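Dropping my_file_1.cif in here (mmCIF, C-alpha atoms and all ligand atoms):
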data_input
loop_
_atom_site.label_atom_id
_atom_site.label_comp_id
_atom_site.auth_asym_id
_atom_site.auth_seq_id
_atom_site.Cartn_x
_atom_site.Cartn_y
_atom_site.Cartn_z
CA MET A 54 71.08 -54.46 116.16
CA ILE A 55 67.88 -53.98 114.11
CA VAL A 56 66.29 -50.63 113.19
CA LEU A 57 62.76 -50.04 111.88
CA GLY A 58 62.74 -47.24 109.28
CA LEU A 59 59.81 -45.09 108.12
CA GLU A 60 59.83 -42.86 105.03
CA SER A 61 57.02 -40.49 104.05
CA SER A 62 58.63 -37.23 102.91
CA CYS A 63 57.32 -37.26 99.33
CA ASP A 64 55.03 -39.63 97.44
CA GLU A 65 56.44 -42.98 98.53
CA THR A 66 55.18 -44.60 101.72
CA ALA A 67 57.94 -46.94 102.84
CA VAL A 68 58.84 -49.14 105.80
CA ALA A 69 61.92 -51.33 106.28
CA LEU A 70 63.85 -53.35 108.84
CA VAL A 71 67.64 -53.24 108.53
CA GLY A 72 70.35 -54.81 110.68
CA ASP A 73 73.80 -53.48 111.52
CA ASP A 74 75.13 -56.44 109.52
CA ARG A 75 73.57 -54.70 106.44
CA LEU A 76 70.89 -57.35 106.13
CA ILE A 77 67.61 -55.89 104.86
CA LEU A 78 65.14 -58.09 106.76
CA ALA A 79 62.12 -56.57 105.01
CA SER A 80 61.50 -53.49 102.85
CA ARG A 81 58.22 -52.31 101.36
CA ILE A 82 57.52 -49.28 99.20
CA ALA A 83 53.97 -48.21 98.33
CA SER A 84 54.05 -45.83 95.39
CA GLN A 85 51.29 -43.26 95.02
CA ASP A 86 51.87 -42.77 91.28
CA GLU A 87 48.25 -43.58 90.38
CA SER A 88 46.87 -40.86 92.72
CA HIS A 89 49.17 -38.13 91.41
CA ARG A 90 49.25 -39.07 87.71
CA PRO A 91 46.08 -37.13 86.74
CA PHE A 92 47.75 -33.96 88.10
CA GLY A 93 51.11 -34.54 86.38
CA GLY A 94 52.98 -34.06 89.67
CA VAL A 95 52.85 -34.78 93.40
CA VAL A 96 49.87 -33.16 95.19
CA PRO A 97 51.11 -32.65 98.78
CA GLU A 98 47.76 -33.09 100.52
CA LEU A 99 46.92 -36.26 98.60
CA ALA A 100 50.36 -37.60 99.52
CA ALA A 101 49.88 -36.84 103.24
CA ARG A 102 46.46 -38.51 103.31
CA ALA A 103 47.81 -41.62 101.58
CA HIS A 104 50.64 -41.85 104.15
CA VAL A 105 48.04 -41.76 106.95
CA GLU A 106 46.20 -44.69 105.37
CA ARG A 107 49.20 -46.83 104.37
CA LEU A 108 52.02 -46.28 106.85
CA THR A 109 50.70 -48.05 109.98
CA PRO A 110 49.45 -51.18 108.19
CA MET A 111 52.80 -51.37 106.39
CA VAL A 112 54.64 -51.38 109.74
CA ALA A 113 52.61 -54.45 110.72
CA GLU A 114 53.24 -56.06 107.31
CA VAL A 115 56.99 -55.51 107.44
CA LEU A 116 57.30 -56.82 111.01
CA GLY A 117 55.17 -59.82 110.00
CA GLU A 118 57.30 -60.51 106.93
CA ALA A 119 60.46 -60.54 109.07
CA GLY A 120 58.74 -62.61 111.77
CA LEU A 121 59.55 -59.96 114.36
CA GLY A 122 57.66 -57.91 116.94
CA LEU A 123 58.36 -54.34 118.04
CA ASP A 124 60.21 -55.82 121.04
CA ASP A 125 62.83 -57.27 118.70
CA VAL A 126 63.64 -53.87 117.23
CA ASP A 127 66.40 -51.72 118.79
CA ALA A 128 65.24 -48.30 117.57
CA ILE A 129 62.70 -46.50 115.40
CA ALA A 130 64.08 -44.27 112.63
CA ALA A 131 61.70 -41.88 110.87
CA THR A 132 62.34 -39.23 108.24
CA ALA A 133 61.95 -35.84 109.98
CA GLY A 134 62.62 -33.72 106.86
CA PRO A 135 63.29 -32.17 104.45
CA GLY A 136 60.23 -32.77 102.30
CA LEU A 137 56.51 -32.12 101.98
CA ILE A 138 55.67 -31.16 105.55
CA GLY A 139 52.31 -32.98 105.79
CA GLY A 140 53.88 -36.30 104.87
CA VAL A 141 56.94 -35.70 107.06
CA MET A 142 54.64 -35.09 110.05
CA VAL A 143 52.74 -38.33 109.43
CA GLY A 144 55.94 -40.39 109.41
CA LEU A 145 57.62 -38.62 112.30
CA VAL A 146 54.57 -38.78 114.58
CA THR A 147 54.07 -42.45 113.71
CA GLY A 148 57.74 -43.04 114.59
CA LYS A 149 57.35 -41.19 117.89
CA ALA A 150 54.23 -43.21 118.78
CA LEU A 151 56.05 -46.49 118.03
CA ALA A 152 59.09 -45.35 120.05
CA MET A 153 56.89 -44.37 122.98
CA ALA A 154 54.83 -47.57 122.90
CA SER A 155 57.90 -49.81 122.66
CA GLY A 156 60.19 -47.81 124.92
CA LYS A 157 62.82 -47.86 122.14
CA PRO A 158 64.87 -44.81 121.10
CA LEU A 159 63.72 -42.50 118.31
CA LEU A 160 66.05 -41.49 115.49
CA ALA A 161 64.81 -38.41 113.60
CA ILE A 162 66.52 -38.86 110.25
CA ASN A 163 67.39 -36.27 107.63
CA HIS A 164 66.10 -37.74 104.35
CA LEU A 165 69.20 -36.39 102.57
CA GLU A 166 71.41 -38.22 105.07
CA GLY A 167 69.44 -41.35 104.19
CA HIS A 168 70.46 -40.88 100.55
CA ALA A 169 74.02 -39.86 101.52
CA LEU A 170 74.66 -43.00 103.60
CA SER A 171 72.70 -45.45 101.39
CA PRO A 172 75.85 -46.37 99.41
CA ARG A 173 77.38 -47.69 102.67
CA LEU A 174 74.38 -50.00 103.13
CA ALA A 175 74.95 -51.39 99.65
CA ASP A 176 78.75 -51.56 99.87
CA ALA A 177 80.41 -52.74 103.08
CA ASP A 178 83.80 -51.59 101.80
CA LEU A 179 82.82 -47.95 101.36
CA GLU A 180 84.64 -45.98 104.05
CA PHE A 181 84.63 -42.26 104.78
CA PRO A 182 85.60 -39.89 103.25
CA TYR A 183 83.94 -39.91 99.83
CA LEU A 184 82.78 -37.38 97.27
CA LEU A 185 79.00 -37.63 96.96
CA LEU A 186 76.93 -36.43 94.03
CA LEU A 187 73.41 -36.24 95.48
CA VAL A 188 70.86 -36.01 92.69
CA SER A 189 67.15 -36.13 93.47
CA GLY A 190 63.84 -34.41 92.81
CA GLY A 191 64.62 -31.50 95.14
CA HIS A 192 68.42 -31.44 95.24
CA CYS A 193 71.58 -31.45 93.16
CA GLN A 194 74.65 -31.19 95.36
CA LEU A 195 78.26 -32.25 95.62
CA LEU A 196 79.26 -33.07 99.18
CA ALA A 197 82.45 -34.17 100.88
CA VAL A 198 81.12 -36.88 103.21
CA GLU A 199 83.58 -37.04 106.09
CA GLY A 200 81.51 -39.11 108.53
CA VAL A 201 78.00 -39.60 109.87
CA GLY A 202 76.58 -36.09 110.32
CA ARG A 203 79.73 -34.56 108.79
CA TYR A 204 78.91 -33.15 105.37
CA ARG A 205 80.77 -30.33 103.61
CA ARG A 206 78.77 -28.95 100.71
CA LEU A 207 81.08 -28.18 97.80
CA ALA A 208 78.41 -27.21 95.30
CA THR A 209 74.69 -26.96 94.75
CA THR A 210 72.26 -25.93 92.04
CA ILE A 211 71.71 -22.21 91.59
CA ASP A 212 68.16 -22.82 90.31
CA ASP A 213 66.41 -26.16 89.61
CA ALA A 214 67.28 -29.63 90.88
CA ILE A 215 68.16 -32.12 88.15
CA GLY A 216 65.22 -34.40 88.99
CA GLU A 217 62.92 -31.42 88.56
CA ALA A 218 64.41 -30.83 85.10
CA PHE A 219 63.78 -34.48 84.17
CA ASP A 220 60.19 -34.20 85.43
CA LYS A 221 59.51 -30.92 83.54
CA THR A 222 61.04 -32.33 80.36
CA SER A 223 58.75 -35.33 80.63
CA LYS A 224 55.76 -33.01 81.06
CA THR A 225 56.79 -30.86 78.08
CA LEU A 226 57.17 -33.93 75.86
CA GLY A 227 53.98 -35.55 77.16
CA LEU A 228 55.89 -38.61 78.36
CA GLY A 229 53.91 -38.92 81.58
CA PHE A 230 54.51 -39.21 85.32
CA PRO A 231 56.82 -40.04 87.03
CA GLY A 232 59.06 -38.15 84.64
CA GLY A 233 62.63 -39.37 85.22
CA PRO A 234 62.16 -43.01 84.22
CA ALA A 235 59.91 -41.94 81.28
CA VAL A 236 62.60 -39.64 79.86
CA GLU A 237 65.26 -42.35 80.30
CA ARG A 238 63.06 -44.90 78.46
CA ALA A 239 62.32 -42.52 75.57
CA ALA A 240 65.96 -41.43 75.33
CA ARG A 241 67.12 -45.01 74.78
CA VAL A 242 65.88 -44.96 71.17
CA GLY A 243 66.54 -41.25 70.49
CA THR A 244 69.24 -39.34 68.61
CA ALA A 245 70.63 -36.68 70.93
CA ALA A 246 72.42 -34.74 68.17
CA ARG A 247 69.15 -33.74 66.47
CA PHE A 248 68.52 -30.96 69.01
CA PRO A 249 71.41 -28.73 70.14
CA LEU A 250 70.75 -27.78 73.77
CA PRO A 251 72.74 -25.57 76.18
CA ARG A 252 74.97 -26.93 78.95
CA PRO A 253 74.68 -24.29 81.69
CA LEU A 254 77.83 -23.49 83.73
CA LEU A 255 79.98 -25.93 81.72
CA GLY A 256 83.60 -25.09 82.45
CA ALA A 257 82.80 -22.69 85.32
CA ASP A 258 85.41 -22.59 88.09
CA GLU A 259 83.20 -23.50 91.01
CA PRO A 260 81.37 -26.83 90.62
CA HIS A 261 77.83 -25.44 90.98
CA PHE A 262 74.94 -26.59 88.79
CA SER A 263 72.19 -24.88 86.82
CA PHE A 264 69.34 -26.59 84.99
CA ALA A 265 66.71 -23.86 84.50
CA GLY A 266 68.15 -22.71 81.15
CA LEU A 267 68.31 -26.28 79.86
CA LYS A 268 64.72 -26.91 80.92
CA SER A 269 63.47 -23.75 79.13
CA ALA A 270 65.53 -24.58 76.04
CA VAL A 271 63.74 -27.95 75.83
CA LEU A 272 60.38 -26.18 76.08
CA ARG A 273 61.25 -23.54 73.43
CA SER A 274 62.75 -26.02 71.06
CA TRP A 275 59.74 -28.36 71.46
CA GLN A 276 57.20 -25.60 70.91
CA GLN A 277 58.94 -24.58 67.68
CA LEU A 278 58.80 -28.08 66.30
CA ALA A 279 56.33 -28.64 63.44
CA VAL A 280 55.96 -32.40 63.89
CA GLN A 281 55.76 -33.53 67.52
CA ASP A 282 55.76 -37.29 67.01
CA ASP A 283 57.23 -40.19 69.00
CA ALA A 284 60.53 -40.01 67.13
CA ALA A 285 60.86 -36.31 68.03
CA ARG A 286 59.94 -37.13 71.63
CA SER A 287 62.73 -39.71 71.86
CA ASP A 288 65.25 -37.43 70.17
CA MET A 289 64.46 -34.53 72.52
CA ALA A 290 64.57 -36.83 75.57
CA ALA A 291 68.00 -38.07 74.44
CA ALA A 292 69.21 -34.51 73.75
CA PHE A 293 68.09 -33.39 77.22
CA GLN A 294 69.55 -36.43 79.01
CA THR A 295 72.87 -36.04 77.20
CA ALA A 296 73.10 -32.31 78.00
CA ALA A 297 72.16 -32.86 81.66
CA THR A 298 74.69 -35.69 81.94
CA ASP A 299 77.44 -33.54 80.37
CA CYS A 300 76.75 -30.91 83.06
CA LEU A 301 76.86 -33.48 85.87
CA VAL A 302 80.12 -34.96 84.59
CA ASP A 303 81.83 -31.58 84.03
CA ARG A 304 80.82 -30.20 87.45
CA THR A 305 81.68 -33.43 89.26
CA ALA A 306 85.09 -33.50 87.54
CA ARG A 307 85.83 -30.09 89.14
CA ALA A 308 84.80 -31.34 92.56
CA LEU A 309 87.06 -34.41 92.36
CA ALA A 310 89.96 -32.06 93.03
CA LEU A 311 88.25 -30.81 96.20
CA ALA A 312 87.49 -34.08 97.99
CA ASP A 313 89.22 -37.38 98.67
CA GLY A 314 87.97 -40.92 98.36
CA PRO A 315 85.68 -42.73 95.96
CA LEU A 316 83.16 -40.97 93.73
CA VAL A 317 79.70 -41.93 94.97
CA VAL A 318 76.29 -41.12 93.50
CA ALA A 319 72.94 -41.36 95.29
CA GLY A 320 69.36 -40.07 95.09
CA GLY A 321 66.52 -40.85 92.67
CA VAL A 322 68.30 -39.58 89.54
CA ALA A 323 71.22 -41.91 90.35
CA SER A 324 69.00 -44.78 89.17
CA ASN A 325 69.49 -43.47 85.60
CA GLN A 326 71.72 -45.91 83.71
CA HIS A 327 73.07 -43.31 81.27
CA ILE A 328 74.18 -41.07 84.14
CA ARG A 329 75.67 -43.98 86.11
CA ALA A 330 77.73 -45.08 83.10
CA ALA A 331 79.02 -41.53 82.47
CA LEU A 332 80.03 -41.09 86.12
CA ALA A 333 81.70 -44.51 86.22
CA ALA A 334 83.75 -43.48 83.17
CA LEU A 335 84.65 -40.16 84.82
CA ALA A 336 85.84 -41.91 87.98
CA GLY A 337 87.85 -44.34 85.83
CA ARG A 338 89.60 -41.48 84.00
CA HIS A 339 90.63 -40.01 87.36
CA GLY A 340 91.67 -43.33 88.91
CA ARG A 341 88.95 -43.10 91.55
CA ARG A 342 86.66 -45.90 92.67
CA PHE A 343 82.99 -45.46 91.69
CA VAL A 344 80.11 -46.55 93.92
CA ALA A 345 76.39 -46.40 93.10
CA PRO A 346 73.73 -48.22 95.13
CA PRO A 347 71.34 -50.51 93.20
CA PRO A 348 68.64 -48.43 91.45
CA TRP A 349 65.86 -49.35 93.93
CA LEU A 350 68.01 -48.01 96.78
CA CYS A 351 68.57 -44.72 94.88
CA THR A 352 64.88 -43.76 94.63
CA ASP A 353 63.02 -43.12 97.87
CA ASN A 354 62.81 -46.10 100.22
CA ALA A 355 62.85 -46.83 103.96
CA ALA A 356 65.88 -49.14 103.98
CA MET A 357 68.13 -46.09 103.62
CA ILE A 358 66.32 -44.41 106.53
CA ALA A 359 66.68 -47.52 108.70
CA TRP A 360 70.36 -47.72 107.70
CA ALA A 361 70.99 -44.06 108.60
CA GLY A 362 69.33 -45.05 111.90
CA VAL A 363 71.76 -47.95 112.33
CA GLU A 364 74.71 -45.62 111.71
CA ARG A 365 73.42 -42.97 114.14
CA LEU A 366 72.40 -45.47 116.84
CA GLY A 367 75.89 -46.98 116.68
CA LEU A 368 77.26 -43.54 117.56
CA GLY A 369 74.65 -42.91 120.27
CA LEU A 370 73.07 -40.09 118.27
CA VAL A 371 69.47 -40.64 119.41
CA ASP A 372 66.73 -37.99 119.44
CA THR A 373 64.05 -36.97 121.93
CA LEU A 374 60.29 -37.19 121.38
CA GLU A 375 60.40 -33.42 120.83
CA ALA A 376 62.29 -33.74 117.54
CA PRO A 377 60.81 -31.24 115.07
CA ALA A 378 59.47 -31.93 111.56
CA ARG A 379 61.35 -29.76 109.05
CA ALA A 380 60.36 -28.75 105.53
CA ARG A 381 63.93 -27.53 104.97
CA TRP A 382 66.96 -29.18 106.55
CA PRO A 383 70.35 -28.69 104.86
CA LEU A 384 73.02 -31.36 105.36
CA ASP A 385 75.64 -28.64 105.70
CA PRO A 386 73.96 -25.76 107.57
CA GLY A 387 77.18 -23.73 107.36
CA ALA A 388 77.28 -23.70 103.55
CA ALA A 389 77.13 -20.22 102.05
CA THR A 390 74.15 -19.20 99.94
CA VAL A 391 75.10 -19.34 96.29
CA ARG A 392 74.39 -16.36 94.06
CA GLY A 393 71.33 -17.09 91.94
CA ALA A 394 70.26 -19.88 94.26
CA GLY A 395 66.53 -20.29 94.65
CA VAL A 396 67.58 -21.08 98.25
CA ARG A 397 66.87 -24.70 98.98
CA ALA A 398 67.65 -26.83 102.00
O1 LIG B 401 65.32 -39.38 95.63
P1 LIG B 401 63.98 -39.36 95.00
O2 LIG B 401 63.25 -40.67 94.81
O3 LIG B 401 63.02 -38.38 95.74
C1 LIG B 401 63.50 -37.17 96.26
O4 LIG B 401 64.07 -37.21 97.38
O5 LIG B 401 63.38 -36.17 95.52
O6 LIG B 401 64.15 -38.66 93.57
C2 LIG B 401 63.07 -38.45 92.73
C3 LIG B 401 63.56 -37.83 91.45
C4 LIG B 401 62.43 -37.44 90.53
O7 LIG B 401 62.66 -36.15 90.01
C5 LIG B 401 62.49 -38.51 89.46
O8 LIG B 401 62.01 -38.06 88.20
C6 LIG B 401 63.99 -38.77 89.40
O9 LIG B 401 64.37 -38.77 90.75
N1 LIG B 401 64.27 -40.07 88.78
C7 LIG B 401 64.98 -40.21 87.65
C8 LIG B 401 64.97 -41.60 87.35
N2 LIG B 401 64.26 -42.24 88.33
C9 LIG B 401 63.84 -41.28 89.19
N3 LIG B 401 65.60 -39.31 86.86
C10 LIG B 401 66.24 -39.78 85.77
N4 LIG B 401 66.26 -41.07 85.42
C11 LIG B 401 65.65 -42.02 86.17
N5 LIG B 401 65.67 -43.30 85.80
ZN ZN B 402 64.73 -38.78 98.14
#
Can the structure in the file be given as structure tokens, please?
Amino acid sequence: MIVLGLESSCDETAVALVGDDRLILASRIASQDESHRPFGGVVPELAARAHVERLTPMVAEVLGEAGLGLDDVDAIAATAGPGLIGGVMVGLVTGKALAMASGKPLLAINHLEGHALSPRLADADLEFPYLLLLVSGGHCQLLAVEGVGRYRRLATTIDDAIGEAFDKTSKTLGLGFPGGPAVERAARVGTAARFPLPRPLLGADEPHFSFAGLKSAVLRSWQQLAVQDDAARSDMAAAFQTAATDCLVDRTARALALADGPLVVAGGVASNQHIRAALAALAGRHGRRFVAPPPWLCTDNAAMIAWAGVERLGLGLVDTLEAPARARWPLDPGAATVRGAGVRA
């Protein structure tokens, strides 16, 4: 079984072909970093226009690379949300057109489910259930993953997502775009102890997250600094990364008591080596297995969308050509709104 996956929910245009044997036959990711860099963040309309230009040729390139035609594919999986709605519509409509033209089933994939199941693409031994820390540009959640389509949200952020905090910190320090990798690079040579920063919600009973206070503390502390040189930039990046990691570890430690199975991390921020090492150590202390996909599979890609398609197709969970595009689409629709939450999908 082979699934063609399309991803276009943010600023990466991506196409991949993945088999049910976990073989990634081809995977391409076209980053739009150059277009968005002058604005210091993703401009939704620019992103949508770039998807229109790149996505269809990339489908042809990926099929060509694998030496396959549409006839050889068993289903078309496209991200149907959540994300920037213009881009989501481009990918979903392209997926519908390909499904219609080929007569193959459509799988309308939740981007978050793509991240949530990506560790199972990377690790054939990872069975359900597992405790998932999902850390990306728009989300920071702890989920009990009980099966495909079966997610119990244990915790979420009450304000900013952690990726957002990395991106804002990068902007404050003038480290450039995209922010997460820039902060990680700068932090490598920094001294975290130079700047004391808060660790919001540390020790709180419920495993929720908060990053807004940490983000503002970075800004205040930076603005008060007399000499804003490269050394200070690295030290502040390290102080922020250490504080954010402490929060992730403390909150995840609470959630370990609430869910069985290995500790798994996924999403763009999971490509951060400092965070991966801290979570691996946490899992070790609790005698739990730790699983993290390779960094390229953590940041946005289409292989994870194709893989979620493989998992859903195997269960017969196909969609109709009427599948809607969704800006918001929670993995656990039943989860209660958390006090202070800036209500996110
Ligand atoms: O999963 P993703 O690629 O897109 C979303 O679904 O949001 O995550 C993007 C987020 C961005 O905020 C980016 O700055 C962050 O992941 N990120 C990182 C690193 N690489 C990407 N954050 C920290 N360290 C990194 N190495
Ligand atoms: Zn993502």
- Could you pull out the residues sitting within 7 Å of ligand ZN 402 (chain B), using all atoms listed in the file, and write them as a ChimeraX atom specification? /A:164-165,168,189-190,320-321,352-353
- Distance filter 9 Å around ligand LIG 401 (chain B), atoms: all atoms listed in the file, out as a ChimeraX atom specification: /A:62-65,135-136,164-165,168,187-192,214-221,223,230-238,294,319-328,348,350-354
- Nearest-residue call for Arg81 in chain A, choices A:Ala355, A:Leu179, A:Leu366, A:Ile129, using all atoms listed in the file: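 Ranked by minimum distance to Arg81 in chain A, first place goes to A:Ala355.
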- Query: Please, what distance in Å, to one decimal, runs between CA of Ala330 in chain A and CA of Ala67 in chain A?
  - Reply: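 Pair CA of Ala330 in chain A / CA of Ala67 in chain A returns 28.0 Å.
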- Task: Could you check how far CA of Gly227 in chain A sits from CA of His261 in chain A, in Å to one decimal?
- Result: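 So the two atoms, CA of Gly227 in chain A and CA of His261 in chain A, lie 29.4 Å apart.
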- Item | Å distance separating CA of Arg342 in chain A from CA of Leu384 in chain A, one decimal place | 23.6 Å
Please rebuild range 245-255 of chain A with all heavy atoms and give the result as a tab-separated table (two decimals), keeping the file's coordinate frame.
chain	number	residue	atom	x	y	z
A	245	ALA	N	70.41	-37.90	70.17
A	245	ALA	CA	70.63	-36.68	70.93
A	245	ALA	C	71.06	-35.51	70.04
A	245	ALA	O	70.68	-34.36	70.27
A	245	ALA	CB	71.68	-36.93	72.01
A	246	ALA	N	71.84	-35.81	68.99
A	246	ALA	CA	72.42	-34.74	68.17
A	246	ALA	C	71.38	-33.95	67.38
A	246	ALA	O	71.68	-32.86	66.89
A	246	ALA	CB	73.44	-35.35	67.21
A	247	ARG	N	70.16	-34.46	67.27
A	247	ARG	CA	69.15	-33.74	66.47
A	247	ARG	C	68.81	-32.37	67.05
A	247	ARG	O	68.50	-31.44	66.31
A	247	ARG	CB	67.87	-34.59	66.38
A	247	ARG	CG	66.75	-33.89	65.66
A	247	ARG	CD	65.62	-34.83	65.31
A	247	ARG	NE	64.41	-34.12	64.97
A	247	ARG	CZ	63.19	-34.63	64.99
A	247	ARG	NH1	63.03	-35.90	65.36
A	247	ARG	NH2	62.15	-33.92	64.66
A	248	PHE	N	68.86	-32.24	68.37
A	248	PHE	CA	68.52	-30.96	69.01
A	248	PHE	C	69.70	-30.42	69.80
A	248	PHE	O	70.05	-30.99	70.83
A	248	PHE	CB	67.31	-31.12	69.94
A	248	PHE	CG	66.07	-31.57	69.24
A	248	PHE	CD1	65.60	-32.88	69.39
A	248	PHE	CD2	65.35	-30.69	68.44
A	248	PHE	CE1	64.45	-33.30	68.75
A	248	PHE	CE2	64.19	-31.09	67.80
A	248	PHE	CZ	63.73	-32.40	67.95
A	249	PRO	N	70.32	-29.32	69.35
A	249	PRO	CA	71.41	-28.73	70.14
A	249	PRO	C	70.82	-28.02	71.36
A	249	PRO	O	69.94	-27.17	71.20
A	249	PRO	CB	72.06	-27.73	69.19
A	249	PRO	CG	71.13	-27.58	68.03
A	249	PRO	CD	70.04	-28.58	68.12
A	250	LEU	N	71.26	-28.39	72.54
A	250	LEU	CA	70.75	-27.78	73.77
A	250	LEU	C	71.91	-27.21	74.58
A	250	LEU	O	73.04	-27.71	74.47
A	250	LEU	CB	70.00	-28.82	74.61
A	250	LEU	CG	68.69	-29.37	74.02
A	250	LEU	CD1	68.15	-30.51	74.88
A	250	LEU	CD2	67.63	-28.26	73.91
A	251	PRO	N	71.66	-26.18	75.40
A	251	PRO	CA	72.74	-25.57	76.18
A	251	PRO	C	73.20	-26.48	77.33
A	251	PRO	O	72.47	-27.37	77.76
A	251	PRO	CB	72.09	-24.30	76.74
A	251	PRO	CG	70.64	-24.62	76.80
A	251	PRO	CD	70.36	-25.54	75.65
A	252	ARG	N	74.41	-26.24	77.78
A	252	ARG	CA	74.97	-26.93	78.95
A	252	ARG	C	75.37	-25.86	79.96
A	252	ARG	O	76.53	-25.45	80.02
A	252	ARG	CB	76.19	-27.77	78.55
A	252	ARG	CG	75.79	-29.14	77.99
A	252	ARG	CD	76.39	-29.38	76.63
A	252	ARG	NE	76.17	-30.73	76.13
A	252	ARG	CZ	75.18	-31.05	75.26
A	252	ARG	NH1	74.32	-30.13	74.84
A	252	ARG	NH2	75.05	-32.28	74.84
A	253	PRO	N	74.41	-25.42	80.78
A	253	PRO	CA	74.68	-24.29	81.69
A	253	PRO	C	75.86	-24.55	82.64
A	253	PRO	O	76.00	-25.65	83.14
A	253	PRO	CB	73.38	-24.15	82.48
A	253	PRO	CG	72.33	-24.79	81.63
A	253	PRO	CD	73.03	-25.88	80.88
A	254	LEU	N	76.68	-23.51	82.81
A	254	LEU	CA	77.83	-23.49	83.73
A	254	LEU	C	78.97	-24.43	83.35
A	254	LEU	O	79.91	-24.61	84.11
A	254	LEU	CB	77.40	-23.77	85.18
A	254	LEU	CG	76.51	-22.72	85.85
A	254	LEU	CD1	76.26	-23.10	87.33
A	254	LEU	CD2	77.17	-21.34	85.82
A	255	LEU	N	78.89	-25.04	82.15
A	255	LEU	CA	79.98	-25.93	81.72
A	255	LEU	C	81.30	-25.16	81.74
A	255	LEU	O	81.39	-24.08	81.18
A	255	LEU	CB	79.69	-26.46	80.32
A	255	LEU	CG	80.32	-27.81	80.00
A	255	LEU	CD1	79.48	-28.95	80.58
A	255	LEU	CD2	80.47	-28.01	78.50
